[in-house]
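Below is work-v9.txt, holding compact mmCIF, C-alpha atoms and all ligand atoms.
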```txt
# COMPACT_ATOMS: atom_id res chain seq x y z
CA MET A 1 9.08 -10.22 17.58
CA ARG A 2 10.59 -8.48 14.59
CA LEU A 3 13.00 -10.17 12.22
CA ASP A 4 15.01 -7.65 10.18
CA PHE A 5 16.67 -8.86 7.01
CA TYR A 6 18.25 -7.66 3.76
CA HIS A 7 16.75 -8.42 0.38
CA THR A 8 19.35 -8.10 -2.37
CA GLY A 9 19.35 -8.85 -6.07
CA THR A 10 18.54 -7.92 -9.65
CA ALA A 11 15.59 -8.53 -11.98
CA THR A 12 16.52 -12.20 -12.17
CA GLU A 13 18.19 -13.20 -8.89
CA GLU A 14 17.45 -12.51 -5.24
CA VAL A 15 19.25 -13.20 -1.99
CA PHE A 16 17.99 -12.87 1.60
CA SER A 17 20.24 -12.38 4.59
CA LEU A 18 19.45 -12.08 8.27
CA ASP A 19 20.14 -8.78 10.00
CA ARG A 20 18.76 -9.12 13.54
CA ALA A 21 15.86 -10.21 15.73
CA VAL A 22 14.26 -7.64 18.02
CA VAL A 23 11.56 -7.83 20.66
CA GLU A 24 9.50 -4.67 20.11
CA PRO A 25 8.50 -2.68 23.22
CA LEU A 26 4.70 -3.10 23.05
CA PRO A 27 2.48 -6.20 23.36
CA TRP A 28 1.52 -7.95 20.11
CA PRO A 29 -1.53 -6.07 18.72
CA GLY A 30 -2.80 -8.84 16.42
CA ASN A 31 -5.97 -10.92 16.49
CA PRO A 32 -5.16 -14.33 18.05
CA ARG A 33 -8.20 -15.89 16.36
CA HIS A 34 -6.80 -15.08 12.96
CA ALA A 35 -3.09 -15.79 13.28
CA VAL A 36 -3.03 -17.61 9.95
CA ASP A 37 -3.61 -15.46 6.87
CA ASP A 38 -6.24 -16.94 4.53
CA SER A 39 -6.62 -13.82 2.37
CA ASN A 40 -4.29 -15.02 -0.41
CA LEU A 41 -3.10 -11.42 -0.85
CA GLY A 42 0.48 -10.33 -1.51
CA LYS A 43 3.39 -11.13 -3.77
CA TYR A 44 5.13 -12.69 -0.77
CA LEU A 45 3.96 -14.76 2.19
CA PHE A 46 5.81 -15.64 5.37
CA GLU A 47 5.04 -18.47 7.75
CA VAL A 48 6.25 -18.99 11.30
CA LYS A 49 6.27 -22.72 12.03
CA ASP A 50 6.79 -24.54 15.30
CA LYS A 51 10.10 -26.33 14.86
CA GLN A 52 8.97 -29.56 16.47
CA THR A 53 5.53 -30.03 14.96
CA ALA A 54 5.86 -27.88 11.78
CA ARG A 55 2.48 -26.39 12.67
CA VAL A 56 1.99 -22.88 11.22
CA LEU A 57 1.69 -20.52 14.20
CA TYR A 58 1.42 -17.31 12.21
CA SER A 59 1.43 -16.24 8.56
CA ARG A 60 0.91 -13.06 6.61
CA GLY A 61 0.96 -12.09 2.93
CA PHE A 62 2.70 -8.89 1.94
CA ALA A 63 4.30 -6.92 -0.86
CA SER A 64 7.57 -5.02 -0.69
CA VAL A 65 9.63 -2.18 -2.13
CA TYR A 66 11.99 -4.82 -3.52
CA GLY A 67 9.08 -6.65 -5.15
CA GLU A 68 8.22 -3.48 -7.07
CA TRP A 69 11.81 -2.49 -7.77
CA GLU A 70 12.66 -5.83 -9.41
CA THR A 71 10.14 -5.02 -12.17
CA THR A 72 11.80 -1.67 -13.05
CA ASP A 73 14.37 -1.18 -15.82
CA GLU A 74 17.02 -0.32 -13.21
CA ALA A 75 16.89 -3.90 -11.87
CA LYS A 76 18.04 -5.17 -15.27
CA THR A 77 21.42 -3.48 -14.91
CA LEU A 78 21.99 -2.89 -11.20
CA ARG A 79 22.13 -4.96 -8.01
CA ARG A 80 20.48 -3.30 -5.02
CA THR A 81 19.69 -4.01 -1.36
CA PHE A 82 16.53 -3.21 0.57
CA GLN A 83 15.83 -3.69 4.26
CA GLU A 84 12.69 -5.55 5.23
CA SER A 85 11.06 -6.82 8.42
CA LEU A 86 8.73 -9.65 9.41
CA ARG A 87 6.66 -9.10 12.57
CA PHE A 88 4.93 -11.92 14.45
CA PRO A 89 3.98 -12.88 18.02
CA ALA A 90 7.08 -13.76 20.06
CA PRO A 91 7.23 -17.58 20.07
CA ASP A 92 7.69 -19.68 23.24
CA ALA A 93 9.83 -22.32 21.53
CA PRO A 94 12.17 -22.51 18.50
CA VAL A 95 10.48 -21.70 15.19
CA GLN A 96 11.28 -21.89 11.50
CA VAL A 97 10.49 -18.74 9.52
CA VAL A 98 9.71 -19.51 5.88
CA LEU A 99 9.46 -16.81 3.21
CA LYS A 100 7.58 -17.63 0.01
CA LYS A 101 7.17 -15.76 -3.26
CA ARG A 102 4.68 -16.27 -6.05
CA ASP A 103 5.94 -18.10 -9.13
CA LYS A 104 4.78 -17.39 -12.70
CA GLN A 105 1.54 -19.28 -12.02
CA ASN A 106 1.09 -17.22 -8.82
CA ARG A 107 1.65 -20.20 -6.52
CA PHE A 108 3.73 -19.49 -3.41
CA GLN A 109 7.18 -21.14 -3.50
CA GLU A 110 9.76 -21.04 -0.71
CA VAL A 111 12.60 -18.56 -1.41
CA TRP A 112 14.24 -18.28 2.02
CA THR A 113 14.08 -19.82 5.47
CA THR A 114 15.78 -19.14 8.79
CA SER A 115 15.36 -20.54 12.26
CA LEU A 116 14.78 -18.53 15.40
CA ASP A 117 15.28 -19.69 18.97
CA PRO A 118 13.58 -17.38 21.48
CA SER A 119 16.32 -18.19 24.03
CA ASP A 120 19.03 -16.81 21.72
CA ILE A 121 21.04 -14.26 23.74
CA PHE A 122 21.47 -12.05 20.66
CA ILE A 123 17.80 -11.19 20.33
CA ASP A 124 17.67 -7.47 21.07
CA ARG A 125 15.48 -6.89 24.14
CA SER A 126 16.62 -3.34 24.87
CA THR A 127 14.05 -0.65 25.63
CA PRO A 128 14.74 2.36 23.44
CA LYS A 129 13.24 5.77 24.07
CA ALA A 130 10.19 6.84 22.04
CA PRO A 131 10.98 9.66 19.56
CA ALA A 132 7.68 11.43 20.33
CA PRO A 133 4.55 10.94 22.45
CA LEU A 134 1.91 8.53 21.11
CA ILE A 135 -1.36 10.30 20.28
CA GLU A 136 -4.61 8.37 20.60
CA ILE A 137 -6.84 9.54 17.73
CA GLN A 138 -9.57 7.01 18.38
CA LYS A 139 -9.59 3.92 20.56
CA ASN A 140 -12.51 1.53 20.21
CA GLY A 141 -11.15 -1.44 22.12
CA ASP A 142 -8.27 -3.76 22.86
CA PRO A 143 -5.72 -3.87 19.99
CA SER A 144 -6.21 -7.65 19.71
CA THR A 145 -9.81 -7.22 18.49
CA LYS A 146 -9.36 -4.04 16.42
CA VAL A 147 -7.53 -2.96 13.30
CA ASP A 148 -4.67 -0.89 14.69
CA PHE A 149 -3.83 1.90 12.29
CA LEU A 150 -0.84 4.16 12.86
CA ILE A 151 -0.52 7.56 11.21
CA ILE A 152 3.11 8.62 11.36
CA GLY A 153 4.51 11.99 10.29
CA ASP A 154 7.63 12.70 8.24
CA GLY A 155 9.07 16.13 7.50
CA TYR A 156 7.37 17.91 10.40
CA THR A 157 9.60 20.01 12.66
CA ALA A 158 9.02 20.10 16.43
CA ALA A 159 7.29 23.45 15.92
CA GLU A 160 4.87 21.75 13.49
CA ALA A 161 3.72 19.07 15.97
CA ALA A 162 0.26 20.66 16.28
CA LYS A 163 -0.06 20.76 12.49
CA PHE A 164 0.76 17.06 12.37
CA GLU A 165 -1.96 16.20 14.87
CA LYS A 166 -4.46 18.31 12.95
CA ASP A 167 -3.44 16.62 9.66
CA ALA A 168 -3.71 13.15 11.24
CA ARG A 169 -7.21 13.91 12.55
CA ARG A 170 -8.23 15.33 9.16
CA MET A 171 -7.05 12.21 7.30
CA THR A 172 -8.82 9.98 9.85
CA GLU A 173 -12.11 11.72 9.05
CA VAL A 174 -11.44 11.30 5.32
CA LEU A 175 -10.92 7.56 5.72
CA PHE A 176 -14.08 7.10 7.77
CA SER A 177 -16.20 9.09 5.35
CA THR A 178 -15.42 6.47 2.65
CA SER A 179 -17.28 3.13 2.44
CA PRO A 180 -16.69 0.50 3.71
CA PHE A 181 -14.39 2.13 6.30
CA LYS A 182 -17.29 4.43 7.18
CA GLU A 183 -19.58 1.60 8.31
CA ARG A 184 -16.72 -0.21 10.10
CA ARG A 185 -15.24 2.76 11.98
CA ARG A 186 -15.74 1.07 15.36
CA ASP A 187 -13.49 -1.79 14.25
CA PHE A 188 -10.50 0.57 14.15
CA ASN A 189 -8.10 2.07 16.64
CA VAL A 190 -6.18 5.01 15.20
CA TRP A 191 -2.86 6.17 16.62
CA ALA A 192 -0.54 8.99 15.62
CA LEU A 193 3.16 9.58 16.16
CA CYS A 194 5.55 12.13 14.72
CA PRO A 195 9.33 12.04 15.21
CA PRO A 196 10.45 15.68 14.88
CA ALA A 197 12.41 16.65 11.74
CA ALA A 198 15.22 19.18 11.60
CA GLU A 199 13.72 20.78 8.50
CA SER A 200 10.20 20.98 7.11
CA GLY A 201 9.27 18.66 4.21
CA VAL A 202 10.82 15.54 2.67
CA SER A 203 13.26 14.95 -0.20
CA ARG A 204 12.33 15.64 -3.81
CA PRO A 205 15.48 14.88 -5.82
CA SER A 206 13.96 15.90 -9.19
CA THR A 207 13.83 19.51 -7.98
CA GLY A 208 17.14 19.32 -6.09
CA VAL A 209 15.53 19.09 -2.63
CA HIS A 210 17.23 16.73 -0.17
CA ARG A 211 16.13 16.37 3.44
CA ASP A 212 17.39 14.18 6.25
CA SER A 213 13.84 13.50 7.46
CA PRO A 214 13.31 11.01 10.32
CA LEU A 215 11.57 8.32 8.24
CA GLY A 216 13.44 8.95 4.99
CA ALA A 217 10.33 9.41 2.81
CA THR A 218 11.15 10.77 -0.64
CA TYR A 219 9.45 11.69 -3.91
CA ASP A 220 10.80 10.31 -7.20
CA ALA A 221 10.82 6.68 -6.02
CA PHE A 222 11.95 4.55 -8.98
CA GLY A 223 12.21 7.79 -11.01
CA SER A 224 8.48 8.57 -10.82
CA GLU A 225 8.13 12.18 -9.62
CA ARG A 226 4.82 11.62 -7.81
CA TYR A 227 5.79 8.33 -6.17
CA VAL A 228 6.61 8.81 -2.46
CA LEU A 229 8.24 5.93 -0.56
CA THR A 230 10.77 5.47 2.19
CA PHE A 231 13.64 3.08 1.55
CA ASP A 232 14.71 3.33 5.18
CA ASN A 233 12.70 0.46 6.68
CA HIS A 234 14.80 0.43 9.82
CA ALA A 235 14.05 4.08 10.63
CA LEU A 236 10.35 3.47 10.05
CA ARG A 237 10.26 0.38 12.29
CA ARG A 238 12.25 2.07 15.03
CA ALA A 239 9.66 4.83 15.21
CA ALA A 240 6.50 2.80 14.58
CA GLU A 241 7.26 0.25 17.31
CA PHE A 242 6.06 2.75 19.92
CA ALA A 243 2.47 2.33 18.73
CA PRO A 244 0.32 -0.81 18.53
CA TYR A 245 0.09 -1.12 14.74
CA GLU A 246 -0.87 -3.36 11.86
CA PHE A 247 -1.17 -0.72 9.14
CA VAL A 248 0.86 2.47 8.72
CA GLU A 249 0.19 5.71 6.88
CA ILE A 250 3.12 8.09 6.46
CA LEU A 251 1.97 11.70 6.19
CA VAL A 252 4.61 13.72 4.39
CA ASN A 253 4.49 17.39 5.22
CA ASN A 254 4.49 18.62 1.61
CA ARG A 255 2.24 20.39 -0.89
CA THR A 256 3.38 18.73 -4.12
CA TYR A 257 1.04 15.95 -5.30
CA GLY A 258 2.28 12.49 -4.39
CA GLY A 259 1.95 9.26 -2.45
CA GLY A 260 2.46 5.51 -2.57
CA GLY A 261 1.13 2.30 -1.06
CA ILE A 262 2.46 -1.23 -0.65
CA HIS A 263 0.40 -4.11 0.71
CA ASN A 264 1.04 -4.76 4.41
CA LEU A 265 4.03 -2.39 4.47
CA TYR A 266 2.83 1.24 4.50
CA SER A 267 1.19 3.93 2.40
CA THR A 268 2.13 7.60 2.01
CA VAL A 269 0.47 10.89 1.08
CA ALA A 270 1.61 14.48 0.59
CA VAL A 271 -0.81 15.92 3.07
CA ASP A 272 -1.01 19.56 1.95
CA ASN A 273 -2.01 18.90 -1.66
CA ALA A 274 -5.56 19.74 -2.72
CA TRP A 275 -5.92 16.06 -3.75
CA ALA A 276 -4.57 14.62 -0.49
CA ASP A 277 -7.95 13.09 0.45
CA TYR A 278 -8.08 11.09 -2.76
CA VAL A 279 -4.39 10.09 -2.71
CA PHE A 280 -4.64 8.99 0.91
CA VAL A 281 -7.66 6.72 0.38
CA HIS A 282 -6.38 5.34 -2.94
CA GLU A 283 -2.93 4.50 -1.58
CA PHE A 284 -4.40 3.09 1.61
CA GLY A 285 -6.40 0.73 -0.64
CA HIS A 286 -3.10 -0.69 -1.94
CA HIS A 287 -1.64 -0.96 1.53
CA PHE A 288 -4.63 -2.33 3.40
CA ALA A 289 -6.33 -4.70 0.96
CA GLY A 290 -3.67 -5.31 -1.69
CA LEU A 291 -5.78 -3.54 -4.31
CA ALA A 292 -4.22 -3.06 -7.75
CA ASP A 293 -4.23 0.16 -9.70
CA GLU A 294 -7.18 0.09 -12.05
CA TYR A 295 -5.79 3.03 -14.07
CA TYR A 296 -3.69 2.52 -17.16
CA THR A 297 -3.15 5.81 -18.99
CA SER A 298 -0.63 7.52 -16.66
CA SER A 299 3.04 6.57 -16.79
CA VAL A 300 4.58 4.20 -14.23
CA SER A 301 8.09 2.82 -13.65
CA TYR A 302 7.23 -0.83 -14.10
CA ALA A 303 8.10 -2.69 -17.29
CA PRO A 304 5.11 -4.61 -18.68
CA SER A 305 5.39 -8.36 -18.24
CA ALA A 306 5.35 -10.51 -21.36
CA GLU A 307 2.84 -13.12 -20.29
CA ARG A 308 -0.68 -12.65 -18.99
CA THR A 309 -1.31 -14.56 -15.79
CA GLU A 310 -4.23 -13.92 -13.49
CA PRO A 311 -3.10 -11.21 -11.02
CA TRP A 312 -3.38 -12.02 -7.31
CA GLU A 313 -4.92 -8.63 -6.60
CA PRO A 314 -8.66 -8.92 -5.94
CA ASN A 315 -9.80 -6.04 -8.20
CA VAL A 316 -8.15 -6.74 -11.57
CA THR A 317 -8.37 -9.78 -13.82
CA ALA A 318 -6.74 -11.05 -16.99
CA LEU A 319 -10.13 -12.65 -17.77
CA LEU A 320 -8.44 -15.77 -19.12
CA ASP A 321 -11.66 -17.68 -18.45
CA PRO A 322 -14.69 -15.33 -18.30
CA SER A 323 -16.82 -18.10 -16.74
CA ALA A 324 -14.39 -18.21 -13.78
CA LEU A 325 -14.34 -14.42 -13.20
CA LYS A 326 -13.27 -14.01 -9.57
CA TRP A 327 -16.00 -11.51 -8.76
CA LYS A 328 -18.71 -13.18 -10.88
CA ASP A 329 -21.10 -13.39 -7.91
CA LEU A 330 -21.27 -9.58 -7.96
CA VAL A 331 -22.10 -9.37 -11.70
CA ALA A 332 -25.81 -8.71 -12.22
CA ALA A 333 -27.67 -10.97 -14.65
CA GLY A 334 -27.74 -9.51 -18.14
CA THR A 335 -24.40 -7.70 -17.86
CA PRO A 336 -22.09 -8.80 -20.68
CA VAL A 337 -18.54 -9.91 -19.78
CA PRO A 338 -16.34 -8.31 -21.01
CA THR A 339 -18.48 -5.22 -20.54
CA PRO A 340 -18.58 -2.55 -23.26
CA TRP A 341 -17.72 1.05 -22.34
CA GLY A 342 -16.51 4.21 -24.09
CA LYS A 343 -12.88 3.14 -23.95
CA GLU A 344 -11.57 4.93 -27.07
CA ALA A 345 -13.03 8.32 -26.15
CA PHE A 346 -11.73 7.95 -22.58
CA GLU A 347 -8.21 7.14 -23.78
CA ALA A 348 -8.12 10.00 -26.28
CA TYR A 349 -9.14 12.46 -23.54
CA SER A 350 -6.80 10.93 -20.95
CA ASN A 351 -3.77 11.02 -23.25
CA GLY A 352 -4.29 14.76 -23.73
CA ILE A 353 -4.40 15.25 -19.95
CA GLN A 354 -1.24 13.17 -19.42
CA GLN A 355 0.59 15.33 -21.94
CA ARG A 356 -0.43 18.53 -20.16
CA ARG A 357 0.52 16.93 -16.83
CA ARG A 358 4.07 16.20 -18.02
CA GLN A 359 4.37 19.73 -19.38
CA ILE A 360 3.28 21.32 -16.08
CA ARG A 361 6.02 19.38 -14.27
CA ALA A 362 8.63 20.08 -16.97
CA GLU A 363 7.91 23.82 -16.74
CA ARG A 364 7.80 23.68 -12.91
CA LYS A 365 4.49 25.51 -12.78
CA PRO A 366 2.95 26.28 -9.36
CA GLU A 367 1.13 23.35 -7.73
CA GLU A 368 -2.28 25.07 -8.15
CA VAL A 369 -1.95 24.57 -11.91
CA MET A 370 -1.64 20.80 -11.50
CA GLU A 371 -4.45 20.72 -8.95
CA ALA A 372 -6.72 22.59 -11.36
CA LEU A 373 -5.86 20.18 -14.19
CA PHE A 374 -6.94 17.25 -12.02
CA ARG A 375 -10.23 19.00 -11.17
CA GLU A 376 -10.91 19.56 -14.86
CA GLU A 377 -10.05 15.93 -15.62
CA LEU A 378 -12.32 14.45 -12.95
CA GLN A 379 -15.25 16.64 -13.98
CA HIS A 380 -14.90 15.57 -17.59
CA GLU A 381 -14.54 11.88 -16.69
CA GLN A 382 -17.60 11.92 -14.48
CA ALA A 383 -19.66 13.50 -17.26
CA MET A 384 -18.45 10.75 -19.62
CA PHE A 385 -19.22 7.94 -17.16
CA LYS A 386 -22.75 9.26 -16.58
CA GLN A 387 -23.51 8.35 -20.19
CA GLU A 388 -22.31 4.76 -19.75
CA LYS A 389 -24.97 2.07 -20.04
CA TYR A 390 -23.28 -0.06 -17.36
CA ALA A 391 -22.22 2.72 -14.97
CA GLY A 392 -22.44 1.63 -11.33
CA ARG A 393 -22.76 -2.04 -12.28
CA VAL A 394 -20.17 -4.77 -11.83
CA GLY A 395 -18.81 -6.42 -14.98
CA ALA A 396 -15.34 -6.62 -16.50
CA PHE A 397 -14.20 -3.40 -18.19
CA GLU A 398 -11.05 -3.62 -20.29
CA GLY A 399 -8.18 -1.32 -19.24
CA ALA A 400 -6.57 -1.77 -15.80
CA ASN A 401 -3.31 -2.59 -14.02
CA TYR A 402 -1.31 -0.16 -16.27
CA GLU A 403 -2.43 -1.98 -19.42
CA ALA A 404 -4.94 -0.85 -22.05
CA ARG A 405 -5.46 -4.41 -23.24
CA GLY A 406 -5.66 -7.76 -21.50
CA PHE A 407 -6.52 -6.56 -17.98
CA TYR A 408 -10.01 -5.74 -16.75
CA ARG A 409 -11.46 -3.81 -13.80
CA PRO A 410 -14.79 -4.44 -12.05
CA GLU A 411 -16.70 -1.19 -12.66
CA VAL A 412 -16.55 1.80 -15.00
CA ASP A 413 -15.29 3.92 -12.10
CA CYS A 414 -13.56 3.40 -8.75
CA ILE A 415 -11.09 5.38 -6.64
CA MET A 416 -8.46 2.86 -7.81
CA PHE A 417 -9.18 4.05 -11.39
CA THR A 418 -9.88 7.82 -11.29
CA ARG A 419 -9.71 10.53 -8.60
CA THR A 420 -13.29 9.89 -7.59
CA ASN A 421 -14.30 9.48 -3.93
CA HIS A 422 -15.61 5.90 -3.75
CA PHE A 423 -14.47 2.30 -4.11
CA CYS A 424 -16.23 -0.07 -6.54
CA ALA A 425 -18.17 -3.03 -5.08
CA VAL A 426 -15.28 -5.48 -5.59
CA CYS A 427 -12.78 -3.20 -3.82
CA ARG A 428 -15.24 -2.62 -0.97
CA ARG A 429 -15.64 -6.33 -0.42
CA ALA A 430 -11.88 -6.90 -0.50
CA ILE A 431 -11.44 -4.23 2.19
CA GLU A 432 -14.17 -5.74 4.37
CA ARG A 433 -12.48 -9.12 4.26
CA VAL A 434 -9.26 -7.63 5.64
CA ILE A 435 -11.16 -5.76 8.38
CA ASP A 436 -12.76 -9.10 9.36
CA MET A 437 -9.38 -10.78 9.54
CA TYR A 438 -8.22 -8.35 12.25
CA THR A 439 -11.45 -8.15 14.20
CA ARG A 440 -13.40 -11.42 14.01
ZN ZN B 501 -12.22 -0.94 -7.57
```
Turn this file's structure into structure tokens for me.
Amino acid sequence: MRLDFYHTGTATEEVFSLDRAVVEPLPWPGNPRHAVDDSNLGKYLFEVKDKQTARVLYSRGFASVYGEWETTDEAKTLRRTFQESLRFPAPDAPVQVVLKKRDKQNRFQEVWTTSLDPSDIFIDRSTPKAPAPLIEIQKNGDPSTKVDFLIIGDGYTAAEAAKFEKDARRMTEVLFSTSPFKERRRDFNVWALCPPAAESGVSRPSTGVHRDSPLGATYDAFGSERYVLTFDNHALRRAAEFAPYEFVEILVNNRTYGGGGIHNLYSTVAVDNAWADYVFVHEFGHHFAGLADEYYTSSVSYAPSAERTEPWEPNVTALLDPSALKWKDLVAAGTPVPTPWGKEAFEAYSNGIQQRRRQIRAERKPEEVMEALFREELQHEQAMFKQEKYAGRVGAFEGANYEARGFYRPEVDCIMFTRTNHFCAVCRRAIERVIDMYTR
């Protein structure tokens, strides 16, 4: 069952309104032993409750495009609407769907509720035609006991269908060469699907490129040139429903560096960039396990929040009470918290790189120039980190979550911090917990 709705508002008010209920064409792919979400991930949480007994039949935490947009400057002056969907097993009897959002103390509070009667004649039970054949990349078992991961293409023409399949297989190998996905490969089914586009590539408004691509993916989301999202949830759902899926990666058929990832919604990557492997795994970390960005020196669209509350994301902390550090069981004895590191030297170097990065984009230099800058940056960073006394150990290193002060990350380095190729121990554990939820 899929409940489509509209999420409208500004930085300070939000309104939800029902669009439609749809029965998707494939059987529910979820794990019946883990219908209730105990991960505590996501800015939002929805619950499906039996109307008679109020028992929670299904719940899932998630984040949304709206949830990010409401923290941008645009939301202070403009009211906008975003489409969203909630997917859950089709109920046998009337249910109450309750949507909750975290308050300032990060507790979930109800913001919307609607009832759903499965005998309602207006539930759409039509059987639409698939936009493209479903490709089985790897199938390790029944969808109900596996993580079902869909790789979906945007900006590929019909003539580029073979390229899409090759790209999807390449990205699959990248994911499963990274721990802990590597060790848990057999817990995943991977599917691929690519609705054909009329033209190659997706929109990039900052360079005057506009494309009517099937999924509507676009660069420049919230004015950030590298941020690739689709705002067309309906188009995405209408294509994705032809695969058993819990997680979705949108491959955009472009060379220019970019991507994005939202917890339990989707992640994106520009597949032809030299850094596509890194972007794919990093953004998938956001999407799959609700990981926060550990970086803080590159520009983002979000306005900093005035107060410091403990973030819900598992890999960053405000360290309000160091004795209650949420990953303290992974901190080795003798490691000071907060943990000293060469922060000033890192920031001085990083600021220089960010300046050159902006200049390369302003001058519209070829993409190889940007790719080379990132290679130079990573090499330099890795040489710096090698000198760190606490490299490779878990502690609490200041600088994370877009803030130089007041937020801390678990290790000196992680793929959520730099363009390295591995997750830190805290991120790895967070990912494993989500894999367990879909398989155990
Ligand atoms: Zn990490």
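Look at stretch 126-135 of chain A: the protein and nucleic acid residues within 6 Å of it, using all atoms listed in the file and passing over chain neighbours fewer than 4 places away, are Trp191, Ala192, Leu193 and Pro195 of chain A.
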Which residues are near stretch 141-149 of chain A? Cut-off 6 Å, all atoms listed in the file, ignore same chain within fewer than 2 positions. Put them as a list in words. Pro29, Gly30, Asn31, Lys139, Asp187, Phe188, Asn189, Val190, Tyr245, Glu246, Phe247, Val248, Tyr438 and Thr439 of chain A
Would you list the residues that come within 6 Å of ligand ZN 501 (chain B)? Count all atoms listed in the file and give the answer as a list in words. Asn315, Cys414, Met416, Phe423, Cys424, Val426 and Cys427 of chain A
For the residues in that selection, give me C-alpha atoms as a PDB file, keeping the file's coordinate frame.
```
ATOM      1  CA  ASN A 315      -9.800  -6.040  -8.200  1.00  0.00           C
ATOM      2  CA  CYS A 414     -13.560   3.400  -8.750  1.00  0.00           C
ATOM      3  CA  MET A 416      -8.460   2.860  -7.810  1.00  0.00           C
ATOM      4  CA  PHE A 423     -14.470   2.300  -4.110  1.00  0.00           C
ATOM      5  CA  CYS A 424     -16.230  -0.070  -6.540  1.00  0.00           C
ATOM      6  CA  VAL A 426     -15.280  -5.480  -5.590  1.00  0.00           C
ATOM      7  CA  CYS A 427     -12.780  -3.200  -3.820  1.00  0.00           C
TER       8      CYS A 427
END
```
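In this structure, atom CA of A:Leu99 sits 13.2 Å away from atom CA of A:Gly67.
Atom to atom, atom CA of A:Phe407 and atom CA of A:Lys43 stand 17.9 Å apart.
Between atom CA of A:Tyr58 and atom CA of A:Pro89 there is a distance of 7.7 Å.
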Taking (17.3, -7.6, -0.5) in the file's coordinates, which residues come within 8 Å, counting only C-alpha atoms, written as a list in words? Phe5, Tyr6, His7, Thr8, Gly9, Glu14, Val15, Phe16, Ser17, Tyr66, Arg80, Thr81, Phe82, Gln83 and Glu84 of chain A
Give as JSON, numbers by chain each residue that has an atom at most 8 Å from (3.9, -1.2, -0.2) in the file, counting all atoms listed in the file. {"A": [63, 64, 65, 260, 261, 262, 263, 264, 265, 266, 267, 286, 287]}
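For the residues A:Gln387, A:Ser213, A:Thr309, A:Asn421, ranking by smallest atom-to-atom distance to A:Phe280 using all atoms listed in the file places A:Asn421 first.
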Neighbour list for A:Ser301 as JSON, numbers by chain, cut-off 9 Å, only C-alpha atoms, skip fewer than 2 positions in-chain: {"A": [69, 71, 72, 73, 221, 222, 223, 224, 299, 303]}
Which one of A:Val369, A:Ile360, A:Val394, A:Ile151 sits closest to A:Thr335 if you count only C-alpha atoms? A:Val394
So which one's closest to A:Arg107, A:Pro32, A:Leu291, A:Trp312, A:Phe88? Using only C-alpha atoms, please. A:Trp312
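Residue neighbourhood of stretch 230-234 of chain A, excluding near-sequence residues (fewer than 2 positions): Asp4, Val65, Phe82, Gln83, Glu84, Ser85, Leu215, Gly216, Ala217, Thr218, Tyr219, Ala221, Val228, Leu236, Arg237, Arg238, Ala239 and Thr268 of chain A, at 9 Å, using all atoms listed in the file.
Of the listed residues A:Gly342, A:Tyr390, A:Gly155, A:Pro180, the one whose atoms come nearest to A:Arg429 is A:Pro180, with distances taken using all atoms listed in the file.
With all atoms listed in the file taken into account, the protein and nucleic acid residues at most 8 Å from A:Glu398 (excluding it and anything under 3 positions from it in its own chain) are Pro338, Thr339, Lys343, Ala404, Arg405, Gly406, Phe407, Tyr408 and Arg409 of chain A.
Closest approach to A:Leu150 among A:Ser206, A:Ala243, A:Arg102, A:Leu116: A:Ala243, based on all atoms listed in the file.
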Listed atoms of stretch 338-344 of chain A boxed axis-aligned with 3 Å per side, centre + edges as AutoDock Vina command-line options:
```
--center_x -15.1 --center_y -1.7 --center_z -23.8 --size_x 13.0 --size_y 19.2 --size_z 12.5
```
Is there a way to complete stretch 131-139 of chain A with N, CA and C atoms and then write that out as a short mmCIF file (atom, residue, chain, number, x, y, z; two decimals), in the frame of the given file?
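Saved result, selection-v1.cif, follows:
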```cif
data_model
loop_
_atom_site.label_atom_id
_atom_site.label_comp_id
_atom_site.auth_asym_id
_atom_site.auth_seq_id
_atom_site.Cartn_x
_atom_site.Cartn_y
_atom_site.Cartn_z
N PRO A 131 10.55 8.39 20.16
CA PRO A 131 10.98 9.66 19.56
C PRO A 131 9.97 10.79 19.76
N ALA A 132 8.74 10.43 20.16
CA ALA A 132 7.68 11.43 20.33
C ALA A 132 6.55 10.76 21.09
N PRO A 133 5.68 11.55 21.74
CA PRO A 133 4.55 10.94 22.45
C PRO A 133 3.55 10.31 21.48
N LEU A 134 2.93 9.20 21.92
CA LEU A 134 1.91 8.53 21.11
C LEU A 134 0.57 9.24 21.32
N ILE A 135 -0.06 9.61 20.20
CA ILE A 135 -1.36 10.30 20.28
C ILE A 135 -2.47 9.30 19.97
N GLU A 136 -3.47 9.26 20.85
CA GLU A 136 -4.61 8.37 20.60
C GLU A 136 -5.66 9.16 19.83
N ILE A 137 -5.84 8.82 18.55
CA ILE A 137 -6.84 9.54 17.73
C ILE A 137 -8.23 8.97 17.99
N GLN A 138 -8.33 7.66 17.94
CA GLN A 138 -9.57 7.01 18.38
C GLN A 138 -9.25 5.60 18.87
N LYS A 139 -9.80 5.26 20.04
CA LYS A 139 -9.59 3.92 20.56
C LYS A 139 -10.94 3.29 20.82
#
```
